[in-house]
Amino acid sequence: MPARQSRLHNTAKVAVILVFLSSLLVGSGLTWQHSQQEVKQQKLAAIDIARFHINSLQVQLERNLSSAYALAALIKQGQGDIRDFDAVAGQLLPFYPQVKALVLSPDGIVTKTYPLTGNEGALGLNQFTHPGQGKEALLARDSRQLTLTGPVELAQGGVGLIGRLPVFMAEDDDAFWGFVSVVILLSDLPAHTGLQRLEQRGYAFELWRQAPSSGFDEAQRQTIARSSASLSNDAITETLALPNHSWQLSLAQPGGWRDTQNLVLQLLGTLVFSLMLAFLVYLLAQTRWQARRLELQVEARTREISDARNQLEATLARQQSLITASNTGAWEYDRSTGELSCSDEYFSMLGLNKQIHEQRYGRRLTSAWEDLLHPEDKACARQILAEYLAREDDTLYENQFRMRHANGNWIWILSRGRTLRDCKAHPTPLTVGTHIDITQQIRDKEQIHFLAHFDPLTGLPNRSLLVDRTRQAIQLARREQGSLALLFLDLDRFKSINDSLGHKIGDKLLIQVAERLRHFCREEDTISRFGGDEFILVLPLTDAEEAAHFAQRLLGIMTDPFAIKKHDIRLSVSLGIALYPHDGQNFNELYHHADIAMYQAKEAGRNGYRFFTTEMQSRYSRMLMLENGLRQAIERQQLSLVYQPQFTLAEYRLTGFEALLRWQHPELGMISPAEFIPIAEKNGFIIPLGEWVLATALQQQARWQRQGLPATLMGVNVSAVQFRHPRLGEQLRMLLSATEVPAQQLELELTESVMMDNPQRAVAVMEQLDLLGIHLALDDFGTGYSSLNYLKRLRLARLKIDQSFVRDLLVDEEDRTIIGTIISLARNLGLQTIAEGVESREQLEMLRTMGCDQAQGYHLGRPMTAEQATELLASVALDTAGP
């Protein structure tokens with residue numbers, strides 16, 4: 001008998017150990033998986049932040065380094081020198097707040113610097129022989145491109161960055177003049193680019209680069225800026241592309257991406273739970289062992305079950321005391337009497353008073369238990385318990401359900417139990433178990449699932465869930481031999497709404513858009529917020545005709561105003577549509593093609609939709625090639641200006657030229673401005689591009705002036721984006737002063753779109769330009785805004801009649817009426833008129849008869865190079881007759 005007891009005791013030990021290890025392993029695995037997901041989310045957030053600062057750094061550096069091109073242009077204009085360099089640099093420097101010095105280095109030797117105070121130590125420095133700058137000076141000269149050096153010890157003291165632009169007076173290598181340098185103090189960079197805020201947000205960071213190597217020298221890592229805290233080994237790194245190399249921005253959290261303290265607490269909680277579960281199993285095993293021991297004693301003395309019952313009750317009493325000590329609710333159910341008894345902790349878990357509850361229901365608490373169950377869980381909970389009680393094997397009862405707390409909330413309960421057995425291992429009427437509150441674990445699991453699959457702002461599926469549902473919809477379409485439509489939806493002009501009304505209004509607008517899409521779409525459709533103001537809609541088993549009908553209805557419902565606080569916001573959307581299987585076999589292909597189609601819808605005027613076509617792919621590839629090549633177009637000298645002459649119609653007298661931009665792409669050939677100007681406006685390159693056009697046109701005007709040629713008007717087109725630049729007036733004043741061109745010889749040609757966003761500000765800017773003496777002309781008049789309310793307030797000199805009216809002037813009565821109205825309107829406002837696109841003598845004579853003042857076009861003169869325009873000025877006196 002002792003041997004049999006020993007075997008039972010050893011079996012119980014093994015069971016306890018196995019339960020403990022299994023529970024600990026599963027719980028630790030789940031905890032570690034949750035921790036890994038948190039680390040992933042932390043790194044994804046850090047990557048987004050790093051990319052934001054990378055973009056900010058790139059914009060700041062490109063903006064400040066662009067000052068070198070202006071100086072280089074002035075050096076070429078001055079045949080190797082800049083007259084009154086201090087005055088020119090003094091006017092230029094305020095526009096580039098991070099630039100601390102502008103330096104001229106003929107043959108690589110510093111001869112001039114502005115400001116001189118504090119920079120005297122740089123004078124006479126030979127950049128080719130300097131140990132810290134020699135390699136990169138040679139690199140800049142040999143590559144003939146702008147390079148960025150740094151961090152480097154400056155001769156004038158401190159550590160900084162040097163933007164070095166080689167200047168060649170002609171195309172051959174022997175015409176190397178020297179360097180134009182821009183000095184940026186390294187200490188100013190973090191403050192102006194917001195890098196310091198990274199440390200305030202709890203990140204350690206380092207901005208660094210690999211210094212160029214030559215020969216057998218190893219490339220060295222140079223730190224440009226860093227936080228006080230050092231980086232960990234698992235830092236994420238993003239790349240900033242610069243003219244001749246790249247910088248790296250590395251981010252990490254000083255304490256690591258993982259919340260170690262929380263992980264330890266969770267693992268400790270898992271350990272405690274495993275110990276409690278193992279202890280419960282131990283108690284159950286102990287009970288069984290005790291029952292078996294009792295059975296052996298009864299067999300030896302008496303066969304009466306009542307003695308065994310007494311022994312079991314004593315064991316249960318000890319078990320109850322232990323469970324009470326562990327703060328776990330315990331229960332006991334007697335099938336023979338229907339009585340359910342529960343521990344104090346059981347009632348406390350539900351916010352109930354045990355005495356009051358038992359006075360109300362007595363010892364038969366089964367009905368009370370059912371009354372507290374959630375209506376959705378009641379039937380299932382009763383069924384699982386009944387099925388367990390009907391079994392005779394020695395399995396463990398386990399169930400999860402919701403019960404109502406005294407405060408009205410629902411809490412999740414994990415209930416476990418086991419039927420006790422007598423000394424012969426027969427089941428007794430008693431079943432004992434525990435209740436554990438797992439509400440927080442359930443909520444944590446639901447929150448993890450939500451963050452992994454849904455957008456926190458709108459509650460729509462995120463990219464991960466979208467890809468999964470699209471895969472399922474494609475499988476359904478393949479099985480049914482049907483099609484699928486994927487729609488890429490982008491909100492038109494959302495950025496301007498966000499900037500003008502604030503991000504809170506923008507977020508509420510996105511929430512309302514998501515809600516409107518939910519009500520509009522079918523239950524089987526998938527709607528996802530893909531990022532920013534972009535949404536993806538997946539319509540299963542939808543063909544092209546159904547997708548077009550869906551898109552037309554969607555455009556209609558999206559035009560209804562959105563009421564947010566005191567604002568009624570009217571919105572339009574652009575839709576791109578890709579169909580499975582014709583446009584793609586998987587999500588990535590369908591998304592990419594729908595994106596291209598959406599872009600085409602925006603190009604067509606917004607508030608519309610487009611289906612993807614193969615022609616779109618070709619146009620999109622060409623657009624990307626143009627966008628990538630546009631940034632290097634100035635540096636690689638691919639841009640040029642041509643000049644179209646303008647004549648009076650009364651005397652056929654040459655009055656001036658319109659400067660027109662041309663781009664000779666090395667692979668695609670001559671690119672029309674109508675194609676690349678919108679791309680420049682979209683990617684932000686229109687500002688430096690416009691500055692280059694103005695500087696080049698004025699330099700040509702100054703060159704004619706020095707040659708003693710007759711003074712003429714130079715017309716330059718200014719885009720709406722360039723016109724909105726806050727320092728447009730200051731830039732023009734600086735350029736006019738540097739080139740010594742009278743302001744009266746410059747005419748800015750503005751499109752009517754400059755008045756659309758903010759007409760009152762447009763009027764104020766035009767008044768400022770008029771005070772400088774600059775002429776202003778309204779281009780393409782009659783095709784756009786044309787508000788007489790603002791037209792009478794604009795400081796204009798001329799209205800330009802669009803060539804679309806001139807083209808059919810001789811055969812279209814309506815075009816003649818429009819032109820006559822424009823001429824009459826201009827005369828009443830005291831403005832001159834000039835017609836574009838004159839291609840025949842008959843058109844010319846008709847315009848002169850109607851009273852038009854001036855004209856330009858192929859009949860009068862095609863756009864010509866600077867040399868051809870110079871010959872025209874030299875051969876045609878201003879008072880001679882023209883064609």
# chains A, B, ... in the order shown; residues from 1 in each chain; ligands from 1
call {"tool": "residues_around", "arguments": {"residues": "A:Gln33", "least_positions_apart": "5", "cutoff": "12 Å", "atoms": "only C-alpha atoms", "output": "list in words"}}
result
Val26, Gly27, Ser28, Glu38, Val39, Lys40, Arg258, Leu263, Gln266, Leu267, Lys445 and Ile448 of chain A
call {"tool": "closest_residue", "arguments": {"among": "A:Lys800, A:Arg51, A:Arg63, A:Arg761", "to": "A:Gly684", "atoms": "only C-alpha atoms"}}
result
A:Arg63
call {"tool": "closest_residue", "arguments": {"among": "A:Gln707, A:Gln441, A:Thr696, A:Thr870", "to": "A:Lys76", "atoms": "only C-alpha atoms"}}
result
A:Thr696
call {"tool": "residues_around", "arguments": {"residues": "A:Arg662", "least_positions_apart": "6", "cutoff": "6 Å", "atoms": "only C-alpha atoms", "output": "ChimeraX atom specification"}}
result
/A:639-641
call {"tool": "write_last_selection", "arguments": {"atoms": "C-alpha atoms", "output": "compact mmCIF listing (two decimals), in the first residue's frame"}}
result
# COMPACT_ATOMS: atom_id res chain seq x y z
CA LEU A 639 18.19 74.33 -69.72
CA SER A 640 18.26 77.35 -72.00
CA LEU A 641 16.19 80.40 -72.87
call {"tool": "closest_residue", "arguments": {"among": "A:Glu651, A:Asp802, A:Asp779, A:Asp583", "to": "A:Asp853", "atoms": "only C-alpha atoms"}}
result
A:Glu651
call {"tool": "residues_around", "arguments": {"residues": "A:Leu207", "least_positions_apart": "4", "cutoff": "8 Å", "atoms": "only C-alpha atoms", "output": "MDAnalysis selection string"}}
result
chainID A and resid 223:226 247:250
call {"tool": "decode", "arguments": {"residues": "stretch 406-451 of chain A", "atoms": "N, CA and C atoms", "output": "PDB file, in the first residue's frame"}}
result
ATOM      1  N   ALA A 406     -21.462  44.410 -10.678  1.00  0.00           N
ATOM      2  CA  ALA A 406     -22.448  45.218  -9.964  1.00  0.00           C
ATOM      3  C   ALA A 406     -22.529  46.646 -10.509  1.00  0.00           C
ATOM      4  N   ASN A 407     -21.432  47.154 -11.123  1.00  0.00           N
ATOM      5  CA  ASN A 407     -21.444  48.515 -11.675  1.00  0.00           C
ATOM      6  C   ASN A 407     -22.069  48.587 -13.071  1.00  0.00           C
ATOM      7  N   GLY A 408     -22.555  47.446 -13.577  1.00  0.00           N
ATOM      8  CA  GLY A 408     -23.206  47.431 -14.883  1.00  0.00           C
ATOM      9  C   GLY A 408     -22.310  46.996 -16.028  1.00  0.00           C
ATOM     10  N   ASN A 409     -21.006  46.951 -15.803  1.00  0.00           N
ATOM     11  CA  ASN A 409     -20.087  46.535 -16.861  1.00  0.00           C
ATOM     12  C   ASN A 409     -20.067  45.014 -16.991  1.00  0.00           C
ATOM     13  N   TRP A 410     -19.572  44.553 -18.150  1.00  0.00           N
ATOM     14  CA  TRP A 410     -19.406  43.116 -18.388  1.00  0.00           C
ATOM     15  C   TRP A 410     -17.938  42.763 -18.244  1.00  0.00           C
ATOM     16  N   ILE A 411     -17.668  41.712 -17.477  1.00  0.00           N
ATOM     17  CA  ILE A 411     -16.292  41.269 -17.298  1.00  0.00           C
ATOM     18  C   ILE A 411     -16.176  39.837 -17.833  1.00  0.00           C
ATOM     19  N   TRP A 412     -14.968  39.532 -18.353  1.00  0.00           N
ATOM     20  CA  TRP A 412     -14.708  38.186 -18.888  1.00  0.00           C
ATOM     21  C   TRP A 412     -14.211  37.286 -17.755  1.00  0.00           C
ATOM     22  N   ILE A 413     -14.778  36.088 -17.686  1.00  0.00           N
ATOM     23  CA  ILE A 413     -14.424  35.112 -16.649  1.00  0.00           C
ATOM     24  C   ILE A 413     -13.872  33.859 -17.317  1.00  0.00           C
ATOM     25  N   LEU A 414     -12.739  33.376 -16.785  1.00  0.00           N
ATOM     26  CA  LEU A 414     -12.219  32.066 -17.168  1.00  0.00           C
ATOM     27  C   LEU A 414     -12.564  31.099 -16.040  1.00  0.00           C
ATOM     28  N   SER A 415     -13.433  30.154 -16.332  1.00  0.00           N
ATOM     29  CA  SER A 415     -13.895  29.190 -15.322  1.00  0.00           C
ATOM     30  C   SER A 415     -13.275  27.829 -15.607  1.00  0.00           C
ATOM     31  N   ARG A 416     -12.681  27.240 -14.568  1.00  0.00           N
ATOM     32  CA  ARG A 416     -12.085  25.919 -14.683  1.00  0.00           C
ATOM     33  C   ARG A 416     -12.502  25.065 -13.485  1.00  0.00           C
ATOM     34  N   GLY A 417     -12.644  23.769 -13.693  1.00  0.00           N
ATOM     35  CA  GLY A 417     -13.031  22.889 -12.590  1.00  0.00           C
ATOM     36  C   GLY A 417     -12.837  21.430 -12.930  1.00  0.00           C
ATOM     37  N   ARG A 418     -13.089  20.578 -11.949  1.00  0.00           N
ATOM     38  CA  ARG A 418     -12.956  19.130 -12.147  1.00  0.00           C
ATOM     39  C   ARG A 418     -13.893  18.421 -11.170  1.00  0.00           C
ATOM     40  N   THR A 419     -14.477  17.311 -11.609  1.00  0.00           N
ATOM     41  CA  THR A 419     -15.357  16.493 -10.764  1.00  0.00           C
ATOM     42  C   THR A 419     -14.503  15.633  -9.825  1.00  0.00           C
ATOM     43  N   LEU A 420     -14.818  15.676  -8.541  1.00  0.00           N
ATOM     44  CA  LEU A 420     -14.071  14.880  -7.566  1.00  0.00           C
ATOM     45  C   LEU A 420     -14.490  13.419  -7.645  1.00  0.00           C
ATOM     46  N   ARG A 421     -13.587  12.538  -7.250  1.00  0.00           N
ATOM     47  CA  ARG A 421     -13.846  11.092  -7.318  1.00  0.00           C
ATOM     48  C   ARG A 421     -13.645  10.475  -5.929  1.00  0.00           C
ATOM     49  N   ASP A 422     -14.340   9.344  -5.722  1.00  0.00           N
ATOM     50  CA  ASP A 422     -14.237   8.676  -4.420  1.00  0.00           C
ATOM     51  C   ASP A 422     -13.024   7.753  -4.408  1.00  0.00           C
ATOM     52  N   CYS A 423     -12.968   6.926  -3.367  1.00  0.00           N
ATOM     53  CA  CYS A 423     -11.790   6.094  -3.205  1.00  0.00           C
ATOM     54  C   CYS A 423     -11.641   5.032  -4.285  1.00  0.00           C
ATOM     55  N   LYS A 424     -12.720   4.765  -5.026  1.00  0.00           N
ATOM     56  CA  LYS A 424     -12.641   3.806  -6.127  1.00  0.00           C
ATOM     57  C   LYS A 424     -12.530   4.506  -7.476  1.00  0.00           C
ATOM     58  N   ALA A 425     -12.234   5.773  -7.453  1.00  0.00           N
ATOM     59  CA  ALA A 425     -12.080   6.578  -8.665  1.00  0.00           C
ATOM     60  C   ALA A 425     -13.404   6.773  -9.395  1.00  0.00           C
ATOM     61  N   HIS A 426     -14.500   6.555  -8.667  1.00  0.00           N
ATOM     62  CA  HIS A 426     -15.801   6.833  -9.269  1.00  0.00           C
ATOM     63  C   HIS A 426     -16.140   8.307  -9.058  1.00  0.00           C
ATOM     64  N   PRO A 427     -16.785   8.940 -10.047  1.00  0.00           N
ATOM     65  CA  PRO A 427     -17.117  10.363  -9.883  1.00  0.00           C
ATOM     66  C   PRO A 427     -18.135  10.583  -8.773  1.00  0.00           C
ATOM     67  N   THR A 428     -17.895  11.586  -7.970  1.00  0.00           N
ATOM     68  CA  THR A 428     -18.822  11.971  -6.908  1.00  0.00           C
ATOM     69  C   THR A 428     -19.732  13.077  -7.449  1.00  0.00           C
ATOM     70  N   PRO A 429     -20.760  13.470  -6.730  1.00  0.00           N
ATOM     71  CA  PRO A 429     -21.639  14.569  -7.199  1.00  0.00           C
ATOM     72  C   PRO A 429     -20.963  15.943  -7.145  1.00  0.00           C
ATOM     73  N   LEU A 430     -19.781  16.000  -6.545  1.00  0.00           N
ATOM     74  CA  LEU A 430     -19.146  17.311  -6.347  1.00  0.00           C
ATOM     75  C   LEU A 430     -18.215  17.671  -7.507  1.00  0.00           C
ATOM     76  N   THR A 431     -18.368  18.913  -7.999  1.00  0.00           N
ATOM     77  CA  THR A 431     -17.439  19.502  -8.972  1.00  0.00           C
ATOM     78  C   THR A 431     -16.932  20.813  -8.391  1.00  0.00           C
ATOM     79  N   VAL A 432     -15.607  20.973  -8.330  1.00  0.00           N
ATOM     80  CA  VAL A 432     -15.017  22.185  -7.754  1.00  0.00           C
ATOM     81  C   VAL A 432     -14.170  22.893  -8.819  1.00  0.00           C
ATOM     82  N   GLY A 433     -14.047  24.190  -8.654  1.00  0.00           N
ATOM     83  CA  GLY A 433     -13.257  24.931  -9.645  1.00  0.00           C
ATOM     84  C   GLY A 433     -12.991  26.358  -9.221  1.00  0.00           C
ATOM     85  N   THR A 434     -12.470  27.123 -10.147  1.00  0.00           N
ATOM     86  CA  THR A 434     -12.092  28.521  -9.879  1.00  0.00           C
ATOM     87  C   THR A 434     -12.645  29.429 -10.979  1.00  0.00           C
ATOM     88  N   HIS A 435     -12.790  30.696 -10.599  1.00  0.00           N
ATOM     89  CA  HIS A 435     -13.128  31.770 -11.543  1.00  0.00           C
ATOM     90  C   HIS A 435     -11.992  32.785 -11.536  1.00  0.00           C
ATOM     91  N   ILE A 436     -11.515  33.172 -12.709  1.00  0.00           N
ATOM     92  CA  ILE A 436     -10.445  34.182 -12.826  1.00  0.00           C
ATOM     93  C   ILE A 436     -10.927  35.290 -13.757  1.00  0.00           C
ATOM     94  N   ASP A 437     -10.756  36.544 -13.335  1.00  0.00           N
ATOM     95  CA  ASP A 437     -11.128  37.700 -14.169  1.00  0.00           C
ATOM     96  C   ASP A 437     -10.037  37.919 -15.232  1.00  0.00           C
ATOM     97  N   ILE A 438     -10.370  37.678 -16.509  1.00  0.00           N
ATOM     98  CA  ILE A 438      -9.392  37.841 -17.612  1.00  0.00           C
ATOM     99  C   ILE A 438      -9.807  38.988 -18.530  1.00  0.00           C
ATOM    100  N   THR A 439     -10.574  39.949 -17.996  1.00  0.00           N
ATOM    101  CA  THR A 439     -11.068  41.061 -18.833  1.00  0.00           C
ATOM    102  C   THR A 439      -9.918  41.832 -19.458  1.00  0.00           C
ATOM    103  N   GLN A 440      -8.898  42.154 -18.653  1.00  0.00           N
ATOM    104  CA  GLN A 440      -7.800  42.961 -19.179  1.00  0.00           C
ATOM    105  C   GLN A 440      -7.021  42.210 -20.251  1.00  0.00           C
ATOM    106  N   GLN A 441      -6.831  40.898 -20.054  1.00  0.00           N
ATOM    107  CA  GLN A 441      -6.135  40.126 -21.077  1.00  0.00           C
ATOM    108  C   GLN A 441      -6.910  40.122 -22.385  1.00  0.00           C
ATOM    109  N   ILE A 442      -8.238  40.007 -22.298  1.00  0.00           N
ATOM    110  CA  ILE A 442      -9.075  40.024 -23.503  1.00  0.00           C
ATOM    111  C   ILE A 442      -8.967  41.378 -24.196  1.00  0.00           C
ATOM    112  N   ARG A 443      -9.025  42.459 -23.405  1.00  0.00           N
ATOM    113  CA  ARG A 443      -8.928  43.805 -23.992  1.00  0.00           C
ATOM    114  C   ARG A 443      -7.573  44.019 -24.649  1.00  0.00           C
ATOM    115  N   ASP A 444      -6.511  43.570 -23.995  1.00  0.00           N
ATOM    116  CA  ASP A 444      -5.172  43.719 -24.582  1.00  0.00           C
ATOM    117  C   ASP A 444      -5.076  42.968 -25.910  1.00  0.00           C
ATOM    118  N   LYS A 445      -5.630  41.767 -25.931  1.00  0.00           N
ATOM    119  CA  LYS A 445      -5.594  40.976 -27.157  1.00  0.00           C
ATOM    120  C   LYS A 445      -6.380  41.657 -28.269  1.00  0.00           C
ATOM    121  N   GLU A 446      -7.560  42.211 -27.922  1.00  0.00           N
ATOM    122  CA  GLU A 446      -8.371  42.899 -28.924  1.00  0.00           C
ATOM    123  C   GLU A 446      -7.674  44.148 -29.428  1.00  0.00           C
ATOM    124  N   GLN A 447      -7.001  44.883 -28.520  1.00  0.00           N
ATOM    125  CA  GLN A 447      -6.301  46.096 -28.923  1.00  0.00           C
ATOM    126  C   GLN A 447      -5.129  45.772 -29.848  1.00  0.00           C
ATOM    127  N   ILE A 448      -4.393  44.714 -29.528  1.00  0.00           N
ATOM    128  CA  ILE A 448      -3.281  44.295 -30.389  1.00  0.00           C
ATOM    129  C   ILE A 448      -3.796  43.919 -31.766  1.00  0.00           C
ATOM    130  N   HIS A 449      -4.907  43.179 -31.778  1.00  0.00           N
ATOM    131  CA  HIS A 449      -5.491  42.791 -33.075  1.00  0.00           C
ATOM    132  C   HIS A 449      -5.956  44.011 -33.858  1.00  0.00           C
ATOM    133  N   PHE A 450      -6.556  44.989 -33.158  1.00  0.00           N
ATOM    134  CA  PHE A 450      -7.043  46.196 -33.853  1.00  0.00           C
ATOM    135  C   PHE A 450      -5.884  46.991 -34.448  1.00  0.00           C
ATOM    136  N   LEU A 451      -4.832  47.222 -33.652  1.00  0.00           N
ATOM    137  CA  LEU A 451      -3.705  48.008 -34.147  1.00  0.00           C
ATOM    138  C   LEU A 451      -2.977  47.300 -35.286  1.00  0.00           C
TER     139      LEU A 451
END
